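Peer 1: Input data14.tsv, format and content: TSV, C-alpha atoms.
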```tsv
chain	number	residue	atom	x	y	z
B	220	MET	CA	0.00	0.00	0.00
B	221	LYS	CA	1.27	3.43	-0.88
B	222	LYS	CA	1.83	5.18	2.42
B	223	ILE	CA	-0.41	8.22	2.50
B	224	SER	CA	-1.22	9.71	5.87
B	225	LYS	CA	-4.73	10.61	4.68
B	226	VAL	CA	-5.78	6.96	4.21
B	227	PHE	CA	-7.59	5.32	7.11
B	228	LYS	CA	-7.16	1.56	7.52
B	229	HIS	CA	-8.84	-0.14	10.45
B	230	LYS	CA	-6.46	-2.32	12.48
B	231	THR	CA	-8.34	-5.48	11.39
B	232	ALA	CA	-8.26	-4.58	7.68
B	233	CYS	CA	-5.67	-6.15	5.38
B	234	VAL	CA	-4.26	-4.06	2.54
B	235	ASP	CA	-1.68	-6.12	0.65
B	236	LYS	CA	1.64	-4.66	-0.45
B	237	GLY	CA	1.35	-3.15	-3.91
B	238	ALA	CA	-2.30	-2.08	-3.61
B	239	PHE	CA	-2.99	1.58	-4.36
B	240	VAL	CA	-5.42	3.37	-2.07
B	241	GLY	CA	-6.17	7.06	-2.76
B	242	ASP	CA	-6.23	9.98	-0.33
B	243	GLY	CA	-9.19	10.19	2.01
B	244	THR	CA	-10.25	6.58	1.53
B	245	LYS	CA	-11.34	4.56	4.56
B	246	VAL	CA	-10.98	0.77	4.72
B	247	TRP	CA	-13.05	-0.65	7.58
B	248	HIS	CA	-13.16	-3.79	9.79
B	249	TYR	CA	-12.04	-7.14	8.35
B	250	SER	CA	-11.81	-5.92	4.77
B	251	HIS	CA	-9.13	-7.24	2.40
B	252	VAL	CA	-7.62	-5.29	-0.49
B	253	SER	CA	-5.41	-7.44	-2.75
B	254	GLY	CA	-1.98	-6.29	-3.93
B	255	LYS	CA	-2.91	-5.41	-7.52
B	256	ALA	CA	-6.14	-3.54	-6.68
B	257	ARG	CA	-6.57	0.20	-7.32
B	258	ILE	CA	-8.89	2.29	-5.17
B	259	GLY	CA	-9.45	5.98	-5.83
B	260	LYS	CA	-9.76	8.98	-3.53
B	261	GLY	CA	-12.45	9.55	-0.93
B	262	CYS	CA	-13.86	6.01	-0.99
B	263	LYS	CA	-15.60	4.20	1.86
B	264	ILE	CA	-14.86	0.47	1.96
B	265	GLY	CA	-17.25	-1.05	4.50
B	266	GLN	CA	-16.81	-3.98	6.85
B	267	ASN	CA	-15.92	-7.41	5.42
B	268	VAL	CA	-15.33	-6.22	1.84
B	269	TYR	CA	-12.99	-8.13	-0.48
B	270	VAL	CA	-11.27	-6.32	-3.37
B	271	ALA	CA	-9.44	-8.77	-5.68
B	272	ASP	CA	-6.37	-8.22	-7.83
B	273	ASN	CA	-6.88	-5.98	-10.88
B	274	VAL	CA	-10.16	-4.54	-9.60
B	275	VAL	CA	-10.37	-0.81	-10.33
B	276	ILE	CA	-12.43	1.48	-8.10
B	277	GLY	CA	-12.84	5.16	-8.97
B	278	ASP	CA	-13.12	8.17	-6.68
B	279	ASN	CA	-15.89	8.72	-4.09
B	280	VAL	CA	-17.17	5.14	-4.29
B	281	LYS	CA	-19.16	3.77	-1.35
B	282	ILE	CA	-19.09	0.01	-0.83
B	283	GLN	CA	-21.27	-1.19	2.01
B	284	ASN	CA	-20.62	-4.26	4.20
B	285	ASN	CA	-20.14	-7.81	2.88
B	286	VAL	CA	-19.40	-7.05	-0.79
B	287	SER	CA	-16.84	-9.02	-2.80
B	288	LEU	CA	-15.34	-7.44	-5.92
B	289	TYR	CA	-13.67	-10.12	-8.05
B	290	GLU	CA	-11.16	-9.67	-10.84
B	291	GLY	CA	-12.84	-8.13	-13.88
B	292	VAL	CA	-14.98	-5.64	-11.92
B	293	ILE	CA	-14.54	-1.93	-12.65
B	294	LEU	CA	-16.40	0.67	-10.59
B	295	GLU	CA	-16.20	4.18	-12.00
B	296	ASP	CA	-16.47	7.33	-9.85
B	297	ASN	CA	-19.39	7.94	-7.45
B	298	VAL	CA	-20.75	4.37	-7.50
B	299	PHE	CA	-22.78	3.07	-4.55
B	300	CYS	CA	-22.78	-0.68	-3.75
B	301	GLY	CA	-25.41	-1.65	-1.19
B	302	PRO	CA	-24.87	-4.19	1.58
B	303	SER	CA	-24.17	-7.75	0.45
B	304	CYS	CA	-24.55	-7.04	-3.27
B	305	VAL	CA	-22.84	-9.73	-5.34
B	306	PHE	CA	-20.54	-9.53	-8.35
B	307	THR	CA	-19.55	-12.61	-10.36
B	308	ASN	CA	-16.69	-12.95	-12.85
B	309	ILE	CA	-17.15	-16.37	-14.50
B	310	LEU	CA	-20.33	-17.33	-16.37
B	311	ASN	CA	-20.06	-21.10	-15.98
B	312	PRO	CA	-18.02	-21.99	-12.87
B	313	ARG	CA	-17.15	-25.60	-12.05
B	314	SER	CA	-15.32	-27.07	-9.10
B	315	LEU	CA	-14.02	-30.17	-10.94
B	316	PHE	CA	-12.96	-28.15	-14.01
B	317	PRO	CA	-11.59	-24.89	-12.58
B	318	ARG	CA	-11.98	-21.79	-14.68
B	319	ASN	CA	-9.76	-19.54	-12.66
B	320	THR	CA	-7.59	-18.16	-15.42
B	321	LYS	CA	-7.99	-14.70	-16.86
B	322	ASP	CA	-9.28	-16.23	-20.10
B	323	PHE	CA	-12.56	-17.05	-18.34
B	324	TYR	CA	-13.04	-13.78	-16.44
B	325	LYS	CA	-15.75	-11.54	-17.86
B	326	LYS	CA	-15.50	-7.79	-17.36
B	327	THR	CA	-18.26	-5.98	-15.46
B	328	ILE	CA	-18.35	-2.19	-15.67
B	329	VAL	CA	-20.40	-0.01	-13.34
B	330	LYS	CA	-20.53	3.52	-14.77
B	331	ASN	CA	-20.28	6.85	-12.98
B	332	GLY	CA	-23.00	7.51	-10.40
B	333	ALA	CA	-24.70	4.09	-10.58
B	334	SER	CA	-26.36	2.69	-7.44
B	335	ILE	CA	-26.80	-1.00	-6.65
B	336	GLY	CA	-29.28	-1.97	-3.94
B	337	ALA	CA	-28.71	-4.42	-1.09
B	338	ASN	CA	-28.43	-8.10	-2.02
B	339	ALA	CA	-28.55	-7.44	-5.77
B	340	THR	CA	-26.60	-9.87	-7.97
B	341	ILE	CA	-24.69	-8.55	-10.97
B	342	VAL	CA	-23.92	-11.32	-13.46
B	343	CYS	CA	-20.52	-10.81	-15.07
B	344	GLY	CA	-20.10	-9.37	-18.55
B	345	THR	CA	-22.65	-6.61	-18.02
B	346	VAL	CA	-22.41	-2.82	-18.10
B	347	LEU	CA	-24.45	-0.78	-15.64
B	348	GLY	CA	-25.06	2.64	-17.17
B	349	LYS	CA	-24.35	6.08	-15.81
B	350	ASN	CA	-26.59	7.04	-12.86
B	351	CYS	CA	-28.67	3.87	-13.20
B	352	PHE	CA	-30.38	2.37	-10.17
B	353	VAL	CA	-30.58	-1.37	-9.48
B	354	GLY	CA	-33.23	-2.25	-6.91
B	355	ALA	CA	-32.50	-4.35	-3.84
B	356	GLY	CA	-32.49	-8.11	-4.41
B	357	SER	CA	-32.45	-7.81	-8.20
B	358	VAL	CA	-30.55	-10.12	-10.54
B	359	VAL	CA	-28.92	-8.19	-13.41
B	360	THR	CA	-28.34	-10.47	-16.41
B	361	LYS	CA	-27.92	-7.88	-19.18
B	362	ASP	CA	-26.69	-4.32	-19.71
B	363	VAL	CA	-28.57	-1.51	-17.95
B	364	PRO	CA	-29.01	1.84	-19.80
B	365	ASP	CA	-27.94	5.20	-18.38
B	366	TYR	CA	-30.46	6.60	-15.84
B	367	ALA	CA	-32.52	3.37	-15.90
B	368	LEU	CA	-34.39	2.04	-12.88
B	369	VAL	CA	-34.30	-1.77	-12.96
B	370	TYR	CA	-35.45	-4.37	-10.48
B	371	GLY	CA	-36.70	-7.93	-10.24
B	372	ASN	CA	-35.36	-11.37	-11.18
B	373	PRO	CA	-34.28	-10.98	-13.86
B	374	ALA	CA	-33.98	-7.20	-13.53
B	375	ARG	CA	-36.21	-5.35	-15.98
B	376	LEU	CA	-36.61	-1.69	-16.89
B	377	LYS	CA	-39.23	-0.13	-14.59
B	378	GLY	CA	-38.58	3.59	-15.10
B	379	TRP	CA	-35.91	6.27	-15.07
B	380	MET	CA	-33.88	7.96	-12.35
B	381	CYS	CA	-32.38	11.43	-12.09
B	382	ALA	CA	-28.70	11.82	-11.21
B	383	CYS	CA	-29.88	13.12	-7.81
B	384	GLY	CA	-31.51	9.75	-7.07
B	385	GLU	CA	-35.17	10.64	-7.54
B	386	LYS	CA	-37.48	8.75	-9.87
B	387	LEU	CA	-38.36	10.70	-13.02
B	388	HIS	CA	-41.97	11.05	-14.14
B	389	THR	CA	-41.61	10.93	-17.90
B	390	GLY	CA	-45.11	11.89	-19.07
B	391	ARG	CA	-45.90	12.21	-22.78
B	392	GLY	CA	-43.75	15.09	-24.01
B	393	PRO	CA	-40.20	14.95	-25.40
B	394	SER	CA	-38.59	16.47	-22.31
B	395	VAL	CA	-38.48	15.51	-18.64
B	396	LYS	CA	-37.69	17.67	-15.63
B	397	CYS	CA	-36.75	16.26	-12.22
B	398	ALA	CA	-39.27	17.44	-9.63
B	399	SER	CA	-36.60	17.34	-6.94
B	400	CYS	CA	-33.50	19.05	-8.37
B	401	GLY	CA	-34.77	20.60	-11.62
B	402	ARG	CA	-32.37	18.77	-13.98
B	403	LYS	CA	-33.71	18.48	-17.50
B	404	PHE	CA	-33.65	15.34	-19.66
B	405	ARG	CA	-34.91	14.48	-23.11
B	406	LYS	CA	-36.44	11.30	-24.43
B	407	ASP	CA	-34.62	9.74	-27.35
B	408	LYS	CA	-35.56	6.39	-28.89
B	409	GLY	CA	-37.13	5.09	-25.70
B	410	ARG	CA	-34.29	6.23	-23.44
B	411	ILE	CA	-33.57	9.23	-21.23
B	412	LYS	CA	-30.55	11.43	-22.03
```
Write the structure described by the file as structure tokens, please.

Peer 2:
Amino acid sequence: MKKISKVFKHKTACVDKGAFVGDGTKVWHYSHVSGKARIGKGCKIGQNVYVADNVVIGDNVKIQNNVSLYEGVILEDNVFCGPSCVFTNILNPRSLFPRNTKDFYKKTIVKNGASIGANATIVCGTVLGKNCFVGAGSVVTKDVPDYALVYGNPARLKGWMCACGEKLHTGRGPSVKCASCGRKFRKDKGRIK
């Protein structure tokens, strides 16, 4: 770990040599950051979180308790991972025929500002769009568009979310305004931009 006085590491946390942890990041109880992981500035790594080699975490990311980030996972800036959400990195795991080489790992990208609810499962090889919102307990099996609200098993599009975290009421016209923060969006080919 790069020695930066502005990084907080709880005495029970394990940050392996070689890991990069940015200024202002806090790594809490019983968490483990592997040696080839990269964590940005101002992050909160909750209790009992595992960050594997080659995982990349952007700035201002909040990872709640009991989350494991396996190789192939990329979290961009401002992502929120709810308690016990699950990431996978191999589509067809087997115990008798191990698939633990990088050739089998599928990349999962969570874009800037996305939120993942508690106990949601993110199947590997998917992209979660900018400022999307995945409801608690959902199972994401395919890409999620920017600003989408998805939930269920499998997760399906149920609406749209503002960057501020409020549900958008899209109505019939070509434009949408957030009732909470006033941001303006436009509808384009069935999506919000």

Peer 1: So which residues touch Asp407 in chain B within 12 Å, counting only C-alpha atoms, skipping near sequence neighbours fewer than 6 positions away, as a PDB file with C-alpha atoms, in the frame of the given file?

Peer 2:
```pdb
ATOM      1  CA  THR B 389     -41.610  10.930 -17.900  1.00  0.00           C
ATOM      2  CA  GLY B 392     -43.750  15.090 -24.010  1.00  0.00           C
ATOM      3  CA  PRO B 393     -40.200  14.950 -25.400  1.00  0.00           C
ATOM      4  CA  SER B 394     -38.590  16.470 -22.310  1.00  0.00           C
ATOM      5  CA  VAL B 395     -38.480  15.510 -18.640  1.00  0.00           C
TER       6      VAL B 395
END
```

Peer 1: Any idea what the distance is between CA of Tyr370 in chain B and CA of Lys403 in chain B?

Peer 2: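 Pair CA of Tyr370 in chain B / CA of Lys403 in chain B returns 24.0 Å.
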
Peer 1: If we count all atoms listed in the file and set the cut-off at 8 Å, which residues sit around range 249-266 of chain B, ignoring sequence neighbours fewer than 2 positions away in its own chain? Please answer as a VMD selection string.

Peer 2: chain B and resid 220 229 231 to 247 268 to 285

Peer 1: Since we have the selection now, will you write its residues out, keeping C-alpha atoms, as a JSON list (two decimals), in the coordinates of the input?

Peer 2:
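See again.json below for the written result:
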```
[["chain", "number", "residue", "atom", "x", "y", "z"],
["B", 220, "MET", "CA", 0.00, 0.00, 0.00],
["B", 229, "HIS", "CA", -8.84, -0.14, 10.45],
["B", 231, "THR", "CA", -8.34, -5.48, 11.39],
["B", 232, "ALA", "CA", -8.26, -4.58, 7.68],
["B", 233, "CYS", "CA", -5.67, -6.15, 5.38],
["B", 234, "VAL", "CA", -4.26, -4.06, 2.54],
["B", 235, "ASP", "CA", -1.68, -6.12, 0.65],
["B", 236, "LYS", "CA", 1.64, -4.66, -0.45],
["B", 237, "GLY", "CA", 1.35, -3.15, -3.91],
["B", 238, "ALA", "CA", -2.30, -2.08, -3.61],
["B", 239, "PHE", "CA", -2.99, 1.58, -4.36],
["B", 240, "VAL", "CA", -5.42, 3.37, -2.07],
["B", 241, "GLY", "CA", -6.17, 7.06, -2.76],
["B", 242, "ASP", "CA", -6.23, 9.98, -0.33],
["B", 243, "GLY", "CA", -9.19, 10.19, 2.01],
["B", 244, "THR", "CA", -10.25, 6.58, 1.53],
["B", 245, "LYS", "CA", -11.34, 4.56, 4.56],
["B", 246, "VAL", "CA", -10.98, 0.77, 4.72],
["B", 247, "TRP", "CA", -13.05, -0.65, 7.58],
["B", 268, "VAL", "CA", -15.33, -6.22, 1.84],
["B", 269, "TYR", "CA", -12.99, -8.13, -0.48],
["B", 270, "VAL", "CA", -11.27, -6.32, -3.37],
["B", 271, "ALA", "CA", -9.44, -8.77, -5.68],
["B", 272, "ASP", "CA", -6.37, -8.22, -7.83],
["B", 273, "ASN", "CA", -6.88, -5.98, -10.88],
["B", 274, "VAL", "CA", -10.16, -4.54, -9.60],
["B", 275, "VAL", "CA", -10.37, -0.81, -10.33],
["B", 276, "ILE", "CA", -12.43, 1.48, -8.10],
["B", 277, "GLY", "CA", -12.84, 5.16, -8.97],
["B", 278, "ASP", "CA", -13.12, 8.17, -6.68],
["B", 279, "ASN", "CA", -15.89, 8.72, -4.09],
["B", 280, "VAL", "CA", -17.17, 5.14, -4.29],
["B", 281, "LYS", "CA", -19.16, 3.77, -1.35],
["B", 282, "ILE", "CA", -19.09, 0.01, -0.83],
["B", 283, "GLN", "CA", -21.27, -1.19, 2.01],
["B", 284, "ASN", "CA", -20.62, -4.26, 4.20],
["B", 285, "ASN", "CA", -20.14, -7.81, 2.88]]
```

Peer 1: Pick the closest to Phe306 in chain B from B:Asp322, B:Thr340, B:Asn267, B:Gly371: which is it, counting all atoms listed in the file?

Peer 2: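 Smallest separation from Phe306 in chain B among the options: B:Thr340.
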
Peer 1: Using Å and a single decimal, report how far CA of Ala367 in chain B sits from CA of Gly291 in chain B.

Peer 2: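 Calculated distance between CA of Gly291 in chain B and CA of Ala367 in chain B is 22.9 Å.
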
Peer 1: So which residues fall inside 8 Å of (-34.9, 7.9, -12.5) if we count all atoms listed in the file? Mind giving them as a list in words?

Peer 2: Cys351, Phe352, Tyr366, Ala367, Leu368, Gly378, Trp379, Met380, Cys381, Ala382, Gly384, Glu385, Lys386, Leu387 and His388 of chain B

Peer 1: Would you mind reading off the distance between CA of Thr345 in chain B and CA of Cys300 in chain B, one decimal, in Å?

Peer 2: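 Answer for the CA of Thr345 in chain B to CA of Cys300 in chain B separation: 15.5 Å.
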
Peer 1: For each of B:Gly356, B:Pro364, B:Gly390, B:Pro312, take the minimum atom-to-atom distance to Ala339 in chain B, counting all atoms listed in the file, then give the residue where this is smallest.

Peer 2: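 So, comparing all the options, the nearest one is B:Gly356.
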
Peer 1: Using all atoms listed in the file, find the one residue out of B:Val292, B:Ile411, B:Val286, B:Val305 that sits nearest to Ser357 in chain B.

Peer 2: B:Val305

Peer 1: Fewer than 5 positions away in the same chain doesn't count, so skip those; otherwise give me all residues within 10 Å of Gly348 in chain B, counting only C-alpha atoms, as number ranges by chain.

Peer 2: B: 328-334, 362-367

Peer 1: Considering only C-alpha atoms, can you say which of B:Val353, B:Cys383, B:Leu315, B:Val346 comes closest to Lys396 in chain B?

Peer 2: B:Cys383

Peer 1: Which residues, written as a list in words, have at least one atom at most 6 Å from Gly301 in chain B, with all atoms listed in the file counted and residues fewer than 3 positions away on the same chain left out?

Peer 2: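 The contact residues come out as Gln283, Cys304, Ile335, Gly336 and Ala337 of chain B.
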
Peer 1: Given the choices B:Ser399, B:Asn372, B:Thr360, B:Asn350, which gets closest to Asp296 in chain B if the distance is worked out from only C-alpha atoms?

Peer 2: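 Closest candidate: B:Asn350.
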
Peer 1: Just checking: using only C-alpha atoms, which residue out of B:Cys397, B:Ile293, B:Ile309, B:Ala374 ends up closest to Val358 in chain B?

Peer 2: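 Distance minimum relative to Val358 in chain B lands on B:Ala374.
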